[in-house]
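Here's the structure, in structure tokens; my notes come after.
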Amino acid sequence: MEVEMLETTTTEKTAGETCVVCECRKTSGIHIYTSFICEECEREIITTDTKDERYKYYLKQLKKITHPEIFS
Ligand SMILES: [Zn+2]
């Protein structure tokens, strides 16, 4: 797992983009500012209870996004 993925200026020409949450390359998902969240993670975040440990992990991952308040 790559911990620090520096933002590249080059647009990914290969299939998909790297999801900020699961750090996997996915083809479908949403963009939040400059970050990409895959469909699966988006759904997970929405359905995961805020008391769930995983939710904290998602939030942590989402903090990488320049505007961390968006999910609060
Ligand atoms: Zn993902």
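Naming scheme: A, B, ... for chains in displayed order of the structure tokens; residues 1 onward per chain; ligands 1 onward as shown.
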
Name all residues at most 9 Å from stretch 54-57 of chain A (count only C-alpha atoms; drop same-chain ones fewer than 6 positions away) and give them as a list in words.
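The filter keeps Val21, Glu44, Ile45 and Thr48 of chain A.
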
Counting only C-alpha atoms and all ligand atoms, which protein, DNA or RNA residues come within 10 Å of ligand 1, given as a list of chain:residue names?
A:Glu17, A:Thr18, A:Cys19, A:Val20, A:Val21, A:Cys22, A:Glu23, A:Cys24, A:Arg25, A:Lys26, A:Ser28, A:Gly29, A:Ile30, A:Phe36, A:Ile37, A:Cys38, A:Glu39, A:Glu40, A:Cys41, A:Glu42, A:Arg43, A:Glu44, A:Ile45, A:Tyr58

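Between atom CA of A:Ser35 and atom CA of A:Lys64 the separation is 8.5 Å.
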
Any idea what's packed within 9 Å of A:Thr34, counting only C-alpha atoms, ignoring anything in its chain fewer than 2 positions away? Could you give it as a PyMOL selection string?
chain A and resi 31-32+36+65-66

Write the residues of the selection above to a file with all heavy atoms, as a PDB file, in the first residue's frame.
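Okay, this is what ended up in again_12.pdb:
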ATOM      1  N   HIS A  31     -16.078  12.812  -7.823  1.00  0.00           N
ATOM      2  CA  HIS A  31     -14.972  13.716  -7.549  1.00  0.00           C
ATOM      3  C   HIS A  31     -15.389  14.706  -6.487  1.00  0.00           C
ATOM      4  O   HIS A  31     -16.467  15.287  -6.560  1.00  0.00           O
ATOM      5  CB  HIS A  31     -14.562  14.477  -8.808  1.00  0.00           C
ATOM      6  CG  HIS A  31     -13.778  13.627  -9.745  1.00  0.00           C
ATOM      7  ND1 HIS A  31     -14.341  13.021 -10.830  1.00  0.00           N
ATOM      8  CD2 HIS A  31     -12.468  13.273  -9.731  1.00  0.00           C
ATOM      9  CE1 HIS A  31     -13.404  12.320 -11.459  1.00  0.00           C
ATOM     10  NE2 HIS A  31     -12.259  12.454 -10.818  1.00  0.00           N
ATOM     11  N   ILE A  32     -14.531  14.851  -5.508  1.00  0.00           N
ATOM     12  CA  ILE A  32     -14.745  15.895  -4.518  1.00  0.00           C
ATOM     13  C   ILE A  32     -13.522  16.782  -4.599  1.00  0.00           C
ATOM     14  O   ILE A  32     -12.418  16.338  -4.282  1.00  0.00           O
ATOM     15  CB  ILE A  32     -14.944  15.311  -3.110  1.00  0.00           C
ATOM     16  CG1 ILE A  32     -16.250  14.491  -3.083  1.00  0.00           C
ATOM     17  CG2 ILE A  32     -15.011  16.430  -2.069  1.00  0.00           C
ATOM     18  CD1 ILE A  32     -16.453  13.720  -1.814  1.00  0.00           C
ATOM     19  N   PHE A  36     -10.714  11.836  -5.817  1.00  0.00           N
ATOM     20  CA  PHE A  36     -11.631  10.863  -6.387  1.00  0.00           C
ATOM     21  C   PHE A  36     -12.018   9.833  -5.341  1.00  0.00           C
ATOM     22  O   PHE A  36     -11.171   9.317  -4.617  1.00  0.00           O
ATOM     23  CB  PHE A  36     -10.959  10.182  -7.579  1.00  0.00           C
ATOM     24  CG  PHE A  36     -11.764   9.060  -8.173  1.00  0.00           C
ATOM     25  CD1 PHE A  36     -12.844   9.331  -8.986  1.00  0.00           C
ATOM     26  CD2 PHE A  36     -11.425   7.743  -7.910  1.00  0.00           C
ATOM     27  CE1 PHE A  36     -13.594   8.288  -9.540  1.00  0.00           C
ATOM     28  CE2 PHE A  36     -12.162   6.695  -8.459  1.00  0.00           C
ATOM     29  CZ  PHE A  36     -13.248   6.974  -9.282  1.00  0.00           C
ATOM     30  N   ILE A  65      -8.433  15.285   1.592  1.00  0.00           N
ATOM     31  CA  ILE A  65      -9.081  16.208   0.683  1.00  0.00           C
ATOM     32  C   ILE A  65      -8.974  17.614   1.271  1.00  0.00           C
ATOM     33  O   ILE A  65      -9.083  17.789   2.475  1.00  0.00           O
ATOM     34  CB  ILE A  65     -10.547  15.793   0.436  1.00  0.00           C
ATOM     35  CG1 ILE A  65     -10.586  14.373  -0.109  1.00  0.00           C
ATOM     36  CG2 ILE A  65     -11.247  16.774  -0.496  1.00  0.00           C
ATOM     37  CD1 ILE A  65     -11.990  13.775  -0.221  1.00  0.00           C
ATOM     38  N   THR A  66      -8.778  18.547   0.410  1.00  0.00           N
ATOM     39  CA  THR A  66      -8.473  19.903   0.880  1.00  0.00           C
ATOM     40  C   THR A  66      -9.563  20.528   1.743  1.00  0.00           C
ATOM     41  O   THR A  66      -9.294  21.405   2.532  1.00  0.00           O
ATOM     42  CB  THR A  66      -8.176  20.824  -0.311  1.00  0.00           C
ATOM     43  OG1 THR A  66      -9.102  20.553  -1.348  1.00  0.00           O
ATOM     44  CG2 THR A  66      -6.751  20.641  -0.774  1.00  0.00           C
TER      45      THR A  66
END
